[in-house]
$ cat coords07.json   # JSON, C-alpha atoms and all ligand atoms
[["chain", "number", "residue", "atom", "x", "y", "z"],
["A", 467, "MET", "CA", -239.34, 103.72, -199.49],
["A", 468, "GLU", "CA", -238.68, 105.21, -196.09],
["A", 469, "ARG", "CA", -235.63, 106.56, -194.40],
["A", 470, "ALA", "CA", -235.04, 105.20, -190.92],
["A", 471, "THR", "CA", -232.84, 105.90, -187.95],
["A", 472, "ARG", "CA", -232.88, 104.37, -184.50],
["A", 473, "GLY", "CA", -232.51, 104.96, -180.83],
["A", 474, "LEU", "CA", -232.41, 108.75, -180.71],
["A", 475, "LEU", "CA", -234.04, 109.81, -177.47],
["A", 476, "SER", "CA", -232.76, 113.35, -177.16],
["A", 477, "GLY", "CA", -233.90, 116.46, -178.95],
["A", 478, "THR", "CA", -230.74, 117.83, -180.47],
["A", 479, "GLY", "CA", -232.35, 118.33, -183.84],
["A", 480, "THR", "CA", -229.56, 116.33, -185.54],
["A", 481, "ARG", "CA", -230.56, 113.12, -187.28],
["A", 482, "ASN", "CA", -228.35, 110.40, -188.52],
["A", 483, "TRP", "CA", -230.46, 108.85, -191.23],
["A", 484, "GLY", "CA", -229.76, 105.20, -191.77],
["A", 485, "ARG", "CA", -231.01, 102.42, -193.96],
["A", 486, "SER", "CA", -233.99, 102.53, -196.30],
["A", 487, "VAL", "CA", -236.85, 100.13, -195.81],
["A", 488, "CYS", "CA", -239.88, 99.09, -197.85],
["A", 489, "GLY", "CA", -243.35, 98.45, -196.43],
["A", 490, "ALA", "CA", -243.90, 98.33, -192.69],
["A", 491, "PRO", "CA", -240.72, 97.86, -190.69],
["A", 492, "PRO", "CA", -240.83, 95.03, -188.11],
["A", 493, "LEU", "CA", -242.08, 96.18, -184.73],
["A", 494, "ASP", "CA", -241.09, 94.46, -181.48],
["A", 495, "ALA", "CA", -243.14, 94.60, -178.27],
["A", 496, "ASP", "CA", -240.62, 96.85, -176.48],
["A", 497, "ALA", "CA", -240.03, 99.11, -179.48],
["A", 498, "LEU", "CA", -241.79, 102.14, -180.90],
["A", 499, "HIS", "CA", -241.77, 103.72, -184.34],
["A", 500, "VAL", "CA", -242.05, 107.47, -184.84],
["A", 501, "TRP", "CA", -243.05, 108.69, -188.29],
["A", 502, "THR", "CA", -242.78, 112.37, -189.17],
["A", 503, "TRP", "CA", -243.89, 114.09, -192.35],
["A", 504, "ASN", "CA", -244.49, 117.53, -193.79],
["A", 505, "LEU", "CA", -248.12, 118.59, -194.13],
["A", 506, "ASP", "CA", -247.55, 121.15, -196.87],
["A", 507, "VAL", "CA", -247.50, 119.32, -200.19],
["A", 508, "ASP", "CA", -248.18, 120.21, -203.82],
["A", 509, "ARG", "CA", -251.55, 119.71, -205.54],
["A", 510, "ARG", "CA", -250.55, 116.40, -207.12],
["A", 511, "ARG", "CA", -249.63, 114.79, -203.81],
["A", 512, "LEU", "CA", -252.65, 116.29, -202.10],
["A", 513, "SER", "CA", -254.96, 114.48, -204.50],
["A", 514, "ARG", "CA", -253.37, 111.14, -203.54],
["A", 515, "TYR", "CA", -254.39, 111.73, -199.94],
["A", 516, "GLU", "CA", -257.86, 113.00, -200.90],
["A", 517, "GLU", "CA", -258.57, 109.68, -202.57],
["A", 518, "VAL", "CA", -258.25, 107.66, -199.39],
["A", 519, "LEU", "CA", -260.26, 109.69, -196.85],
["A", 520, "SER", "CA", -263.49, 108.32, -195.39],
["A", 521, "ALA", "CA", -266.87, 110.10, -195.39],
["A", 522, "ASP", "CA", -266.49, 111.19, -191.77],
["A", 523, "GLU", "CA", -263.01, 112.58, -192.50],
["A", 524, "TRP", "CA", -264.47, 114.59, -195.40],
["A", 525, "ARG", "CA", -267.06, 116.00, -192.99],
["A", 526, "ARG", "CA", -264.19, 117.13, -190.78],
["A", 527, "VAL", "CA", -262.44, 118.72, -193.78],
["A", 528, "GLY", "CA", -265.63, 120.71, -194.37],
["A", 529, "ARG", "CA", -265.55, 122.09, -190.83],
["A", 530, "HIS", "CA", -262.27, 123.91, -191.41],
["A", 531, "ALA", "CA", -262.93, 127.57, -192.03],
["A", 532, "SER", "CA", -259.84, 128.17, -194.11],
["A", 533, "HIS", "CA", -257.87, 126.47, -196.84],
["A", 534, "LEU", "CA", -254.52, 125.73, -195.16],
["A", 535, "PRO", "CA", -255.82, 123.82, -192.11],
["A", 536, "ALA", "CA", -258.18, 121.85, -194.37],
["A", 537, "ARG", "CA", -255.31, 120.82, -196.68],
["A", 538, "ARG", "CA", -253.14, 119.92, -193.71],
["A", 539, "PHE", "CA", -255.90, 117.79, -192.24],
["A", 540, "ILE", "CA", -256.21, 115.88, -195.54],
["A", 541, "VAL", "CA", -252.46, 115.21, -195.63],
["A", 542, "ARG", "CA", -252.40, 114.28, -191.94],
["A", 543, "ARG", "CA", -255.15, 111.72, -192.19],
["A", 544, "GLY", "CA", -254.22, 110.51, -195.67],
["A", 545, "MET", "CA", -250.67, 109.74, -194.59],
["A", 546, "LEU", "CA", -251.90, 108.22, -191.31],
["A", 547, "ARG", "CA", -253.95, 105.80, -193.42],
["A", 548, "ARG", "CA", -251.03, 105.02, -195.73],
["A", 549, "ILE", "CA", -248.62, 104.28, -192.89],
["A", 550, "ILE", "CA", -251.04, 102.29, -190.73],
["A", 551, "GLY", "CA", -252.21, 100.41, -193.84],
["A", 552, "ARG", "CA", -248.70, 99.02, -194.28],
["A", 553, "TYR", "CA", -248.59, 97.68, -190.73],
["A", 554, "VAL", "CA", -251.92, 95.90, -191.08],
["A", 555, "ASP", "CA", -251.55, 95.00, -194.76],
["A", 556, "GLN", "CA", -254.55, 97.00, -195.94],
["A", 557, "GLN", "CA", -255.12, 99.62, -198.61],
["A", 558, "PRO", "CA", -255.22, 103.08, -196.97],
["A", 559, "GLN", "CA", -258.91, 103.56, -197.78],
["A", 560, "ASN", "CA", -259.73, 100.26, -196.03],
["A", 561, "VAL", "CA", -258.16, 101.24, -192.73],
["A", 562, "ARG", "CA", -261.02, 101.76, -190.26],
["A", 563, "PHE", "CA", -260.76, 103.74, -187.06],
["A", 564, "VAL", "CA", -262.92, 103.73, -183.95],
["A", 565, "TYR", "CA", -262.92, 106.51, -181.36],
["A", 566, "ASN", "CA", -263.21, 106.61, -177.59],
["A", 567, "PRO", "CA", -265.58, 109.16, -175.97],
["A", 568, "HIS", "CA", -262.78, 111.77, -175.89],
["A", 569, "GLY", "CA", -262.00, 111.42, -179.57],
["A", 570, "LYS", "CA", -258.87, 109.26, -179.36],
["A", 571, "PRO", "CA", -258.69, 107.12, -182.49],
["A", 572, "PHE", "CA", -257.83, 103.40, -182.40],
["A", 573, "LEU", "CA", -257.60, 100.83, -185.13],
["A", 574, "ALA", "CA", -260.82, 98.89, -185.60],
["A", 575, "PRO", "CA", -260.30, 95.61, -183.71],
["A", 576, "GLU", "CA", -260.88, 93.41, -186.76],
["A", 577, "LEU", "CA", -257.72, 94.92, -188.34],
["A", 578, "ALA", "CA", -255.23, 94.49, -185.51],
["A", 579, "ALA", "CA", -256.17, 94.34, -181.86],
["A", 580, "ASP", "CA", -252.68, 94.99, -180.51],
["A", 581, "LEU", "CA", -251.37, 97.82, -182.72],
["A", 582, "GLN", "CA", -251.53, 101.15, -180.87],
["A", 583, "PHE", "CA", -250.88, 104.58, -182.32],
["A", 584, "ASN", "CA", -251.18, 108.26, -181.60],
["A", 585, "LEU", "CA", -250.89, 111.28, -183.87],
["A", 586, "SER", "CA", -249.93, 114.91, -183.31],
["A", 587, "ASP", "CA", -249.39, 117.92, -185.52],
["A", 588, "SER", "CA", -248.13, 121.44, -185.20],
["A", 589, "GLY", "CA", -247.29, 123.97, -187.89],
["A", 590, "GLU", "CA", -246.37, 122.02, -191.00],
["A", 591, "LEU", "CA", -245.21, 118.87, -189.19],
["A", 592, "ALA", "CA", -247.10, 115.69, -188.25],
["A", 593, "ALA", "CA", -245.75, 112.94, -185.99],
["A", 594, "LEU", "CA", -247.17, 109.47, -185.53],
["A", 595, "ALA", "CA", -246.14, 107.01, -182.80],
["A", 596, "ILE", "CA", -246.81, 103.30, -183.34],
["A", 597, "CYS", "CA", -246.23, 100.51, -180.84],
["A", 598, "LEU", "CA", -247.72, 97.22, -179.65],
["A", 599, "GLN", "CA", -250.03, 96.33, -176.80],
["A", 600, "GLN", "CA", -249.72, 99.47, -174.70],
["A", 601, "PRO", "CA", -251.25, 102.93, -174.74],
["A", 602, "VAL", "CA", -249.11, 105.63, -176.32],
["A", 603, "GLY", "CA", -249.37, 109.40, -176.41],
["A", 604, "ILE", "CA", -247.39, 111.80, -178.58],
["A", 605, "ASP", "CA", -247.39, 115.58, -178.67],
["A", 606, "ILE", "CA", -245.33, 117.98, -180.75],
["A", 607, "GLU", "CA", -245.23, 121.76, -180.80],
["A", 608, "GLN", "CA", -243.62, 124.24, -183.14],
["A", 609, "LEU", "CA", -241.24, 126.49, -181.21],
["A", 610, "ARG", "CA", -242.65, 129.98, -181.07],
["A", 611, "THR", "CA", -241.48, 132.90, -178.99],
["A", 612, "PRO", "CA", -243.72, 133.56, -177.18],
["A", 613, "PRO", "CA", -245.70, 130.31, -177.73],
["A", 614, "VAL", "CA", -248.84, 132.35, -178.39],
["A", 615, "ALA", "CA", -249.37, 136.04, -179.08],
["A", 616, "ASP", "CA", -250.74, 136.77, -175.60],
["A", 617, "GLY", "CA", -247.84, 135.01, -173.91],
["A", 618, "LEU", "CA", -248.11, 132.23, -171.37],
["A", 619, "LYS", "CA", -251.16, 133.78, -169.67],
["A", 620, "SER", "CA", -253.47, 132.47, -172.37],
["A", 621, "TYR", "CA", -252.60, 128.86, -171.43],
["A", 622, "SER", "CA", -254.68, 128.97, -168.20],
["A", 623, "LEU", "CA", -251.67, 128.22, -166.02],
["A", 624, "THR", "CA", -251.80, 128.23, -162.25],
["A", 625, "PRO", "CA", -250.02, 131.20, -160.60],
["A", 626, "ARG", "CA", -247.26, 128.78, -159.49],
["A", 627, "GLU", "CA", -246.76, 127.50, -163.02],
["A", 628, "LEU", "CA", -246.76, 130.99, -164.48],
["A", 629, "GLU", "CA", -244.23, 132.16, -161.95],
["A", 630, "HIS", "CA", -242.00, 129.19, -162.67],
["A", 631, "PHE", "CA", -241.79, 129.77, -166.39],
["A", 632, "GLU", "CA", -241.76, 133.57, -166.21],
["A", 633, "ARG", "CA", -238.48, 133.29, -164.29],
["A", 634, "ALA", "CA", -236.57, 132.45, -167.48],
["A", 635, "ALA", "CA", -235.94, 134.94, -170.28],
["A", 636, "GLU", "CA", -236.95, 134.33, -173.89],
["A", 637, "PRO", "CA", -236.22, 132.24, -175.92],
["A", 638, "GLU", "CA", -235.40, 129.82, -173.07],
["A", 639, "ARG", "CA", -238.79, 130.50, -171.44],
["A", 640, "SER", "CA", -240.74, 129.29, -174.47],
["A", 641, "LEU", "CA", -238.52, 126.27, -174.95],
["A", 642, "ARG", "CA", -238.89, 125.13, -171.33],
["A", 643, "PHE", "CA", -242.59, 125.80, -171.34],
["A", 644, "LEU", "CA", -243.27, 123.91, -174.55],
["A", 645, "ARG", "CA", -241.20, 120.93, -173.41],
["A", 646, "ALA", "CA", -243.22, 120.67, -170.19],
["A", 647, "TRP", "CA", -246.45, 121.24, -172.12],
["A", 648, "THR", "CA", -245.75, 118.42, -174.58],
["A", 649, "ARG", "CA", -244.89, 116.07, -171.69],
["A", 650, "ARG", "CA", -248.26, 116.74, -170.12],
["A", 651, "GLU", "CA", -250.15, 116.43, -173.41],
["A", 652, "ALA", "CA", -248.35, 113.17, -174.18],
["A", 653, "ILE", "CA", -249.60, 111.73, -170.87],
["A", 654, "VAL", "CA", -253.11, 113.07, -171.49],
["A", 655, "LYS", "CA", -253.11, 111.54, -174.96],
["A", 656, "ALA", "CA", -251.75, 108.20, -173.79],
["A", 657, "GLU", "CA", -254.62, 108.12, -171.28],
["A", 658, "GLY", "CA", -256.95, 109.08, -174.13],
["A", 659, "VAL", "CA", -258.71, 111.75, -172.11],
["A", 660, "GLY", "CA", -258.97, 115.52, -172.51],
["A", 661, "LEU", "CA", -256.52, 118.13, -171.35],
["A", 662, "GLN", "CA", -259.03, 119.65, -168.95],
["A", 663, "LEU", "CA", -259.33, 116.33, -167.08],
["A", 664, "LEU", "CA", -255.67, 116.15, -166.16],
["A", 665, "THR", "CA", -254.92, 119.83, -165.73],
["A", 666, "GLY", "CA", -254.56, 120.45, -162.04],
["A", 667, "GLN", "CA", -253.48, 116.85, -161.46],
["A", 668, "LEU", "CA", -250.31, 117.23, -163.48],
["A", 669, "GLU", "CA", -248.66, 120.53, -162.68],
["A", 670, "LEU", "CA", -246.50, 121.71, -165.51],
["A", 671, "GLU", "CA", -243.83, 122.68, -163.04],
["A", 672, "GLU", "CA", -243.50, 119.02, -162.06],
["A", 673, "LEU", "CA", -242.75, 118.21, -165.66],
["A", 674, "ALA", "CA", -240.27, 121.02, -166.18],
["A", 675, "ASP", "CA", -236.60, 120.46, -166.96],
["A", 676, "HIS", "CA", -235.24, 121.61, -163.62],
["A", 677, "GLN", "CA", -237.15, 118.89, -161.77],
["A", 678, "GLU", "CA", -235.40, 116.16, -163.68],
["A", 679, "PRO", "CA", -231.83, 117.03, -164.60],
["A", 680, "ALA", "CA", -231.60, 113.94, -166.78],
["A", 681, "TRP", "CA", -234.20, 115.44, -169.10],
["A", 682, "GLU", "CA", -231.26, 117.29, -170.53],
["A", 683, "GLU", "CA", -229.73, 113.96, -171.50],
["A", 684, "GLY", "CA", -232.94, 112.94, -173.20],
["A", 685, "GLY", "CA", -233.46, 110.33, -170.51],
["A", 686, "VAL", "CA", -236.51, 108.31, -169.65],
["A", 687, "HIS", "CA", -238.47, 109.03, -166.49],
["A", 688, "CYS", "CA", -241.51, 107.67, -164.83],
["A", 689, "LYS", "CA", -244.19, 110.24, -164.05],
["A", 690, "ARG", "CA", -247.57, 109.18, -162.77],
["A", 691, "GLY", "CA", -247.04, 105.68, -164.06],
["A", 692, "PHE", "CA", -245.85, 106.79, -167.49],
["A", 693, "HIS", "CA", -242.45, 106.69, -169.08],
["A", 694, "LEU", "CA", -241.70, 109.93, -170.85],
["A", 695, "TYR", "CA", -239.30, 110.44, -173.74],
["A", 696, "ARG", "CA", -238.07, 113.54, -175.47],
["A", 697, "LEU", "CA", -238.48, 113.25, -179.23],
["A", 698, "ALA", "CA", -235.78, 113.99, -181.77],
["A", 699, "LEU", "CA", -237.56, 116.27, -184.22],
["A", 700, "PRO", "CA", -236.51, 118.65, -186.99],
["A", 701, "ASP", "CA", -235.17, 122.01, -185.84],
["A", 702, "GLY", "CA", -237.92, 124.33, -184.69],
["A", 703, "TYR", "CA", -240.03, 121.62, -183.04],
["A", 704, "VAL", "CA", -240.15, 119.99, -179.62],
["A", 705, "GLY", "CA", -242.11, 116.91, -178.65],
["A", 706, "SER", "CA", -242.67, 114.16, -176.13],
["A", 707, "LEU", "CA", -243.85, 110.58, -175.98],
["A", 708, "ALA", "CA", -245.56, 108.77, -173.10],
["A", 709, "THR", "CA", -245.94, 105.01, -172.70],
["A", 710, "ARG", "CA", -246.94, 102.77, -169.81],
["A", 711, "GLN", "CA", -244.03, 100.35, -170.19],
["A", 712, "LYS", "CA", -240.45, 101.22, -170.78],
["A", 713, "LEU", "CA", -239.34, 101.21, -174.40],
["A", 714, "LEU", "CA", -235.99, 99.75, -175.32],
["A", 715, "ASP", "CA", -235.86, 100.97, -178.89],
["A", 716, "ILE", "CA", -237.25, 104.02, -180.64],
["A", 717, "ARG", "CA", -236.86, 104.27, -184.40],
["A", 718, "TYR", "CA", -237.61, 107.23, -186.60],
["A", 719, "PHE", "CA", -239.00, 107.02, -190.11],
["A", 720, "SER", "CA", -240.00, 109.53, -192.72],
["A", 721, "PRO", "CA", -242.18, 108.48, -195.64],
["A", 722, "ALA", "CA", -240.80, 109.38, -199.07],
["B", 801, "LIG", "C1", -256.30, 115.30, -176.89],
["B", 801, "LIG", "C2", -256.08, 116.80, -177.08],
["B", 801, "LIG", "C3", -255.41, 117.35, -175.83],
["B", 801, "LIG", "C4", -255.13, 116.97, -178.31],
["B", 801, "LIG", "O1", -255.14, 118.28, -178.73],
["B", 801, "LIG", "P1", -254.13, 118.97, -179.78],
["B", 801, "LIG", "O2", -252.86, 119.33, -179.12],
["B", 801, "LIG", "O3", -254.88, 120.04, -180.42],
["B", 801, "LIG", "O4", -253.86, 117.91, -180.88],
["B", 801, "LIG", "P2", -252.61, 117.13, -181.47],
["B", 801, "LIG", "O5", -252.22, 117.73, -182.75],
["B", 801, "LIG", "O6", -251.51, 116.86, -180.50],
["B", 801, "LIG", "O7", -253.30, 115.70, -181.74],
["B", 801, "LIG", "C5", -254.43, 115.57, -182.51],
["B", 801, "LIG", "C6", -254.63, 114.09, -182.77],
["B", 801, "LIG", "O8", -254.68, 113.40, -181.52],
["B", 801, "LIG", "C7", -255.62, 112.33, -181.62],
["B", 801, "LIG", "N1", -256.60, 112.54, -180.56],
["B", 801, "LIG", "C8", -257.78, 113.22, -180.58],
["B", 801, "LIG", "N2", -258.36, 113.19, -179.35],
["B", 801, "LIG", "C9", -257.53, 112.48, -178.56],
["B", 801, "LIG", "C10", -257.58, 112.10, -177.19],
["B", 801, "LIG", "N3", -258.60, 112.44, -176.39],
["B", 801, "LIG", "N4", -256.56, 111.37, -176.68],
["B", 801, "LIG", "C11", -255.52, 111.02, -177.46],
["B", 801, "LIG", "N5", -255.41, 111.35, -178.78],
["B", 801, "LIG", "C12", -256.42, 112.07, -179.31],
["B", 801, "LIG", "C13", -256.22, 112.38, -183.00],
["B", 801, "LIG", "O9", -255.54, 111.48, -183.82],
["B", 801, "LIG", "C14", -255.93, 113.80, -183.43],
["B", 801, "LIG", "O10", -255.71, 113.90, -184.81],
["B", 801, "LIG", "P3", -256.96, 113.97, -185.82],
["B", 801, "LIG", "O11", -257.60, 115.28, -185.54],
["B", 801, "LIG", "O12", -256.38, 113.86, -187.14],
["B", 801, "LIG", "O13", -257.88, 112.83, -185.51],
["B", 801, "LIG", "C15", -257.41, 117.56, -177.31],
["B", 801, "LIG", "O14", -257.90, 117.18, -178.57],
["B", 801, "LIG", "C16", -258.46, 117.22, -176.26],
["B", 801, "LIG", "O15", -258.44, 117.75, -175.16],
["B", 801, "LIG", "N6", -259.40, 116.33, -176.61],
["B", 801, "LIG", "C17", -260.43, 115.82, -175.71],
["B", 801, "LIG", "C18", -261.74, 116.49, -175.96],
["B", 801, "LIG", "C19", -262.83, 115.76, -175.18],
["B", 801, "LIG", "O16", -262.62, 115.31, -174.06],
["B", 801, "LIG", "N7", -263.96, 115.63, -175.86],
["B", 801, "LIG", "C20", -265.07, 114.92, -175.31],
["B", 801, "LIG", "C21", -266.14, 115.86, -174.94],
["B", 801, "LIG", "S1", -266.84, 115.33, -173.42]]

$ encode --input "coords07.json" --output "structure tokens"
Amino acid sequence: MERATRGLLSGTGTRNWGRSVCGAPPLDADALHVWTWNLDVDRRRLSRYEEVLSADEWRRVGRHASHLPARRFIVRRGMLRRIIGRYVDQQPQNVRFVYNPHGKPFLAPELAADLQFNLSDSGELAALAICLQQPVGIDIEQLRTPPVADGLKSYSLTPRELEHFERAAEPERSLRFLRAWTRREAIVKAEGVGLQLLTGQLELEELADHQEPAWEEGGVHCKRGFHLYRLALPDGYVGSLATRQKLLDIRYFSPA
């Protein structure tokens, strides 16, 4: 069983949960589903996710130096498999992914050639975007003030970008910065490249709130050929979505 709500494009943090659905909800070509779930689960639930991971995912678990990120990785990928499995009518352990040279995962073509997805995580939250026939990128960030201990300087910003964000006082500075950051990462992830490839071509200042007043209304804007959306996430998180074609419907789900 899942809880679903629809059409929320702004990031107010309030959610009006609607009907419950079983299995994979129907997905139209101009719609997108956003699934969010908590990565910190008890031992019993963790073992359910452990059962469905592939050998290469277990190798990745082994690369984590500490316990918490390893557990969160298991829950992230285990739930990814469970959710995607419902869309393609497969058991989670039978869902097969392929990767592009920059590490972006796609569904193996024999499962469903037109189902596109992208995953992001931050803190204890994971978010998964699923749509049809077009590239999608999603990025979420936990709100931190400042975003990292060393402040904005550790993000390798250009002097112009730094100056732009440093103008605001905390906590507004971190909020504005992380919103712009997630917009850029969402574009990078929709392209399926690496952050370093687009940095310099996509100035964060161009993606900042003041450039697009309608951002405040949670509106949709075209940047560099992408439509960008502000996600409605639980309090304490910000996030963005990028797609090539305009979406008419965004629905939110949370697995039970
Ligand atoms: C894409 C990238 C910016 C995301 O970084 P991040 O903010 O730490 O990660 P997020 O939590 O938002 O997203 C992670 C998820 O995005 C997906 N992902 C990974 N690489 C991706 C890429 N290049 N494009 C889109 N999505 C990607 C994966 O599902 C990943 O989850 P997983 O680890 O469970 O597989 C970063 O991983 C990156 O720069 N990758 C490219 C590295 C590269 O170019 N490698 C090739 C060497 S030449």

$ closest_residue --input "coords07.json" --among "A:Ile653, A:Ala490, A:Ala674, A:Ala698" --to "A:Ile596" --atoms "only C-alpha atoms"
A:Ala490

$ residues_near_ligand --input "coords07.json" --ligand "ligand LIG 801 (chain B)" --cutoff "9 Å" --atoms "only C-alpha atoms and all ligand atoms" --output "PyMOL selection string"
chain A and resi 523+526+539-540+542-543+546+565-572+583-588+592-594+602-607+648+651-663

$ residues_near_point --input "coords07.json" --point "(-245.1, 102.6, -179.6)" --cutoff "8 Å" --atoms "only C-alpha atoms" --output "PyMOL selection string"
chain A and resi 496-500+582-583+595-598+600-602+709+713

$ residues_around --input "coords07.json" --residues "A:Val704" --least-positions-apart "3" --cutoff "7 Å" --atoms "only C-alpha atoms" --output "ChimeraX atom specification"
/A:606-609,645,697,699

$ closest_residue --input "coords07.json" --among "A:Leu519, A:Arg510, A:Glu632, A:Ile549" --to "A:Ser720" --atoms "all atoms listed in the file"
A:Ile549

$ closest_residue --input "coords07.json" --among "A:Arg537, A:Arg649, A:Arg626, A:His687" --to "A:Ser706" --atoms "all atoms listed in the file"
A:Arg649

$ atom_distance --input "coords07.json" --atom1 "atom CA of A:Ala521" --atom2 "atom CA of A:Asn560"
12.2 Å

$ closest_residue --input "coords07.json" --among "A:His630, A:Arg548, A:Arg642, A:His533" --to "A:Thr611" --atoms "all atoms listed in the file"
A:Arg642

$ residues_around --input "coords07.json" --residues "A:Asn504" --least-positions-apart "2" --cutoff "9 Å" --atoms "only C-alpha atoms" --output "compact mmCIF listing (two decimals) with C-alpha atoms, in the frame of the given file"
# COMPACT_ATOMS: atom_id res chain seq x y z
CA THR A 502 -242.78 112.37 -189.17
CA ASP A 506 -247.55 121.15 -196.87
CA VAL A 507 -247.50 119.32 -200.19
CA ARG A 538 -253.14 119.92 -193.71
CA VAL A 541 -252.46 115.21 -195.63
CA ARG A 542 -252.40 114.28 -191.94
CA GLU A 590 -246.37 122.02 -191.00
CA LEU A 591 -245.21 118.87 -189.19
CA ALA A 592 -247.10 115.69 -188.25

$ atom_distance --input "coords07.json" --atom1 "atom CA of A:Trp524" --atom2 "atom CA of A:Pro575"
22.7 Å

$ closest_residue --input "coords07.json" --among "A:Trp647, A:Leu618, A:Ile550, A:Ala574" --to "A:Gly705" --atoms "all atoms listed in the file"
A:Trp647

$ atom_distance --input "coords07.json" --atom1 "atom CA of A:Gly551" --atom2 "atom CA of A:Pro700"
25.0 Å

$ closest_residue --input "coords07.json" --among "A:Tyr621, A:Phe631, A:Phe692, A:Tyr553" --to "A:Pro491" --atoms "only C-alpha atoms"
A:Tyr553

$ axis_aligned_box --input "coords07.json" --around "stretch 686-693 of chain A" --padding-each-side "6 Å" --output "lines of an AutoDock Vina configuration file"
center_x = -242.0
center_y = 108.0
center_z = -166.2
size_x = 23.1
size_y = 16.6
size_z = 18.9
